[in-house]
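Have a look at the structure below, then the notes.
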Amino acid sequence: MVEPVGRQFRYMFCFNDFVKEFEQQKEKLVSEKERLQDDIKVAERNAEEIYEDVKKWLGDAKNEIEGAKPLENEIGKNGKCFTWCPNCMRQFKLSKALAKKLETFRELLEKKSTKVSHRAHPQPIEFLQSKEFTPSKSSEEALEQIMKALKDDSVNMIGLYGMGGVGKTTLMKEVGRRARESPLFDEVLMATVSQNPNVTGIQDRMADKLGLDIKEKSKEGRADRLW
């Protein structure tokens, strides 16, 4: 591809302008990268999830800044030579390379996202692997029956009953853990319902686990929002 004559002259005689703008844009990109890294650290400390496009932008910025080093070395080695005894072809090639890198810098700076992260759903600690669960033959059979019932689309409620202290709650935590690890459900919630349940409290607990901000006031409205 043949360069237009006007552009060729610009590459040859505006070398110092290219160098100055290159240094300014590169410094701006470095500052934006460092600021973004600080924002990411703050977001991660708050257990927020970083957007994938933000991670990609950061990686691209690092690569472009690193890739600019050969040009910086070339400027350092040949800048004075261009001033006192210009080599037109070398000056033309370097100016052209600087112009191309400048365009990349500008595009990256324009694409930088202002929003870095979003709130992640809290991970329910009750479904972590429990050392309490040492399955007996009967509990293992019950576990298998429950997991089978969970996979049955015709079943919408499962009851587990037994005397107090036999390990029903521990068994249900193991069911919840396995359900979370399987592709059966997007979310698994656990709530304790007493004889005289605090419905609003149960709804709040479920909403917290889902990262959901419920604005409805009535129990029915809150139930609809959760559903």
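FYI, nothing fancy with the structure tokens labels: chains A, B, ... in order, residues from 1 per chain, ligands from 1 as they appear.
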Problem - Selection near segment 196-199 of chain A, 10 Å with only C-alpha atoms, sequence-local residues under 4 positions removed, as a list in words - result: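 Everything that qualifies: Thr192, Gln203, Asp204, Arg205, Lys219 and Ala223 of chain A.
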All helix (DSSP H, G or I) residues (DSSP, backbone) inside segment 42-193 of chain A, as a PDB file with C-alpha atoms, in the first residue's frame:
ATOM      1  CA  VAL A  42     -10.412  -2.320  46.368  1.00  0.00           C
ATOM      2  CA  ALA A  43     -13.159  -4.291  44.592  1.00  0.00           C
ATOM      3  CA  GLU A  44     -11.528  -7.634  45.410  1.00  0.00           C
ATOM      4  CA  ARG A  45     -11.167  -6.672  49.083  1.00  0.00           C
ATOM      5  CA  GLU A  52     -14.169  -9.743  32.051  1.00  0.00           C
ATOM      6  CA  ASP A  53     -13.799  -6.759  29.689  1.00  0.00           C
ATOM      7  CA  VAL A  54     -11.949  -4.894  32.469  1.00  0.00           C
ATOM      8  CA  LYS A  55      -9.519  -7.806  32.873  1.00  0.00           C
ATOM      9  CA  LYS A  56      -9.018  -7.871  29.089  1.00  0.00           C
ATOM     10  CA  TRP A  57      -8.412  -4.099  28.950  1.00  0.00           C
ATOM     11  CA  LEU A  58      -5.828  -4.347  31.718  1.00  0.00           C
ATOM     12  CA  GLY A  59      -4.031  -7.179  29.908  1.00  0.00           C
ATOM     13  CA  ASP A  60      -4.075  -5.266  26.611  1.00  0.00           C
ATOM     14  CA  ALA A  61      -2.752  -2.120  28.308  1.00  0.00           C
ATOM     15  CA  LYS A  62       0.132  -4.042  29.914  1.00  0.00           C
ATOM     16  CA  ASN A  63       1.015  -5.620  26.564  1.00  0.00           C
ATOM     17  CA  GLU A  64       0.951  -2.300  24.697  1.00  0.00           C
ATOM     18  CA  ILE A  65       3.067  -0.525  27.331  1.00  0.00           C
ATOM     19  CA  GLU A  66       5.578  -3.367  27.270  1.00  0.00           C
ATOM     20  CA  GLY A  67       5.510  -3.397  23.472  1.00  0.00           C
ATOM     21  CA  LYS A  69       9.778  -0.203  24.969  1.00  0.00           C
ATOM     22  CA  PRO A  70      11.614  -0.937  21.680  1.00  0.00           C
ATOM     23  CA  LEU A  71      10.276   2.357  20.285  1.00  0.00           C
ATOM     24  CA  GLU A  72      11.424   4.208  23.412  1.00  0.00           C
ATOM     25  CA  ASN A  73      14.879   2.676  23.041  1.00  0.00           C
ATOM     26  CA  GLU A  74      14.973   3.693  19.376  1.00  0.00           C
ATOM     27  CA  ILE A  75      14.007   7.264  20.279  1.00  0.00           C
ATOM     28  CA  GLY A  76      16.706   7.375  22.966  1.00  0.00           C
ATOM     29  CA  LYS A  77      19.397   6.063  20.637  1.00  0.00           C
ATOM     30  CA  ASN A  78      18.532   8.068  17.543  1.00  0.00           C
ATOM     31  CA  GLY A  79      16.737  11.198  18.688  1.00  0.00           C
ATOM     32  CA  LYS A  80      19.838  13.400  18.774  1.00  0.00           C
ATOM     33  CA  CYS A  81      21.088  11.959  15.534  1.00  0.00           C
ATOM     34  CA  PHE A  82      17.820  12.914  13.849  1.00  0.00           C
ATOM     35  CA  THR A  83      18.250  16.460  15.156  1.00  0.00           C
ATOM     36  CA  TRP A  84      21.790  17.030  13.904  1.00  0.00           C
ATOM     37  CA  CYS A  88      15.310  10.512   6.288  1.00  0.00           C
ATOM     38  CA  MET A  89      14.427   6.846   5.817  1.00  0.00           C
ATOM     39  CA  ARG A  90      15.058   5.898   9.451  1.00  0.00           C
ATOM     40  CA  GLN A  91      13.179   8.965  10.642  1.00  0.00           C
ATOM     41  CA  PHE A  92      10.292   8.144   8.334  1.00  0.00           C
ATOM     42  CA  LYS A  93      10.056   4.533   9.583  1.00  0.00           C
ATOM     43  CA  LEU A  94      10.242   5.480  13.254  1.00  0.00           C
ATOM     44  CA  SER A  95       7.673   8.254  12.851  1.00  0.00           C
ATOM     45  CA  LYS A  96       5.349   5.835  11.108  1.00  0.00           C
ATOM     46  CA  ALA A  97       5.769   3.267  13.918  1.00  0.00           C
ATOM     47  CA  LEU A  98       5.109   5.970  16.536  1.00  0.00           C
ATOM     48  CA  ALA A  99       1.940   7.076  14.719  1.00  0.00           C
ATOM     49  CA  LYS A 100       0.664   3.479  14.654  1.00  0.00           C
ATOM     50  CA  LYS A 101       1.398   2.979  18.361  1.00  0.00           C
ATOM     51  CA  LEU A 102      -0.271   6.320  19.159  1.00  0.00           C
ATOM     52  CA  GLU A 103      -3.451   5.167  17.440  1.00  0.00           C
ATOM     53  CA  THR A 104      -3.430   1.988  19.549  1.00  0.00           C
ATOM     54  CA  PHE A 105      -2.945   4.026  22.746  1.00  0.00           C
ATOM     55  CA  ARG A 106      -5.875   6.307  21.865  1.00  0.00           C
ATOM     56  CA  GLU A 107      -8.188   3.391  21.077  1.00  0.00           C
ATOM     57  CA  LEU A 108      -7.324   1.693  24.376  1.00  0.00           C
ATOM     58  CA  LEU A 109      -7.921   4.865  26.373  1.00  0.00           C
ATOM     59  CA  GLU A 110     -11.302   5.354  24.683  1.00  0.00           C
ATOM     60  CA  LYS A 111     -12.363   1.771  25.508  1.00  0.00           C
ATOM     61  CA  ILE A 125     -20.698 -21.365  54.233  1.00  0.00           C
ATOM     62  CA  GLU A 126     -23.248 -23.912  55.450  1.00  0.00           C
ATOM     63  CA  PHE A 127     -22.682 -25.927  52.261  1.00  0.00           C
ATOM     64  CA  LYS A 137     -25.690 -47.006  55.811  1.00  0.00           C
ATOM     65  CA  SER A 138     -29.099 -45.498  56.612  1.00  0.00           C
ATOM     66  CA  SER A 139     -28.018 -41.884  56.060  1.00  0.00           C
ATOM     67  CA  GLU A 140     -26.259 -42.793  52.812  1.00  0.00           C
ATOM     68  CA  GLU A 141     -29.450 -44.479  51.604  1.00  0.00           C
ATOM     69  CA  ALA A 142     -31.498 -41.414  52.612  1.00  0.00           C
ATOM     70  CA  LEU A 143     -29.019 -39.146  50.815  1.00  0.00           C
ATOM     71  CA  GLU A 144     -29.258 -41.167  47.617  1.00  0.00           C
ATOM     72  CA  GLN A 145     -33.078 -41.155  47.782  1.00  0.00           C
ATOM     73  CA  ILE A 146     -33.145 -37.369  48.247  1.00  0.00           C
ATOM     74  CA  MET A 147     -30.715 -36.741  45.371  1.00  0.00           C
ATOM     75  CA  LYS A 148     -32.813 -39.025  43.152  1.00  0.00           C
ATOM     76  CA  ALA A 149     -35.969 -37.123  44.117  1.00  0.00           C
ATOM     77  CA  LEU A 150     -34.265 -33.789  43.350  1.00  0.00           C
ATOM     78  CA  LYS A 168     -31.145 -34.425  59.804  1.00  0.00           C
ATOM     79  CA  THR A 169     -29.673 -30.925  59.578  1.00  0.00           C
ATOM     80  CA  THR A 170     -26.187 -32.270  58.846  1.00  0.00           C
ATOM     81  CA  LEU A 171     -27.626 -34.527  56.164  1.00  0.00           C
ATOM     82  CA  MET A 172     -29.477 -31.593  54.576  1.00  0.00           C
ATOM     83  CA  LYS A 173     -26.269 -29.556  54.480  1.00  0.00           C
ATOM     84  CA  GLU A 174     -24.645 -32.397  52.557  1.00  0.00           C
ATOM     85  CA  VAL A 175     -27.646 -32.491  50.194  1.00  0.00           C
ATOM     86  CA  GLY A 176     -27.264 -28.735  49.674  1.00  0.00           C
ATOM     87  CA  ARG A 177     -23.544 -29.065  48.995  1.00  0.00           C
ATOM     88  CA  ARG A 178     -24.068 -31.792  46.393  1.00  0.00           C
ATOM     89  CA  ALA A 179     -26.944 -29.886  44.801  1.00  0.00           C
ATOM     90  CA  ARG A 180     -24.715 -26.808  44.434  1.00  0.00           C
ATOM     91  CA  GLU A 181     -21.955 -28.875  42.822  1.00  0.00           C
TER      92      GLU A 181
END
Exercise for the section: Go through A:Lys209, A:Lys115, A:Lys26, A:Lys20 one by one, measure the shortest atom-to-atom distance of each to Ile40 of chain A using only C-alpha atoms, and give the residue with the smallest value. Expected result: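 Checking each candidate against Ile40 of chain A, we get A:Lys115 as the closest.
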Exercise for the section: Mind the document's chain letters and residue numbers, and return as a count of residues only the residues of segment 36-226 of chain A that DSSP labels strand (DSSP E). Expected result: 6
Problem - Among listed residues A:Leu184, A:Glu27, A:Leu226, A:Tyr161, nearest Gly211 of chain A (using only C-alpha atoms) - result: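 Nearest to Gly211 of chain A: A:Leu226.
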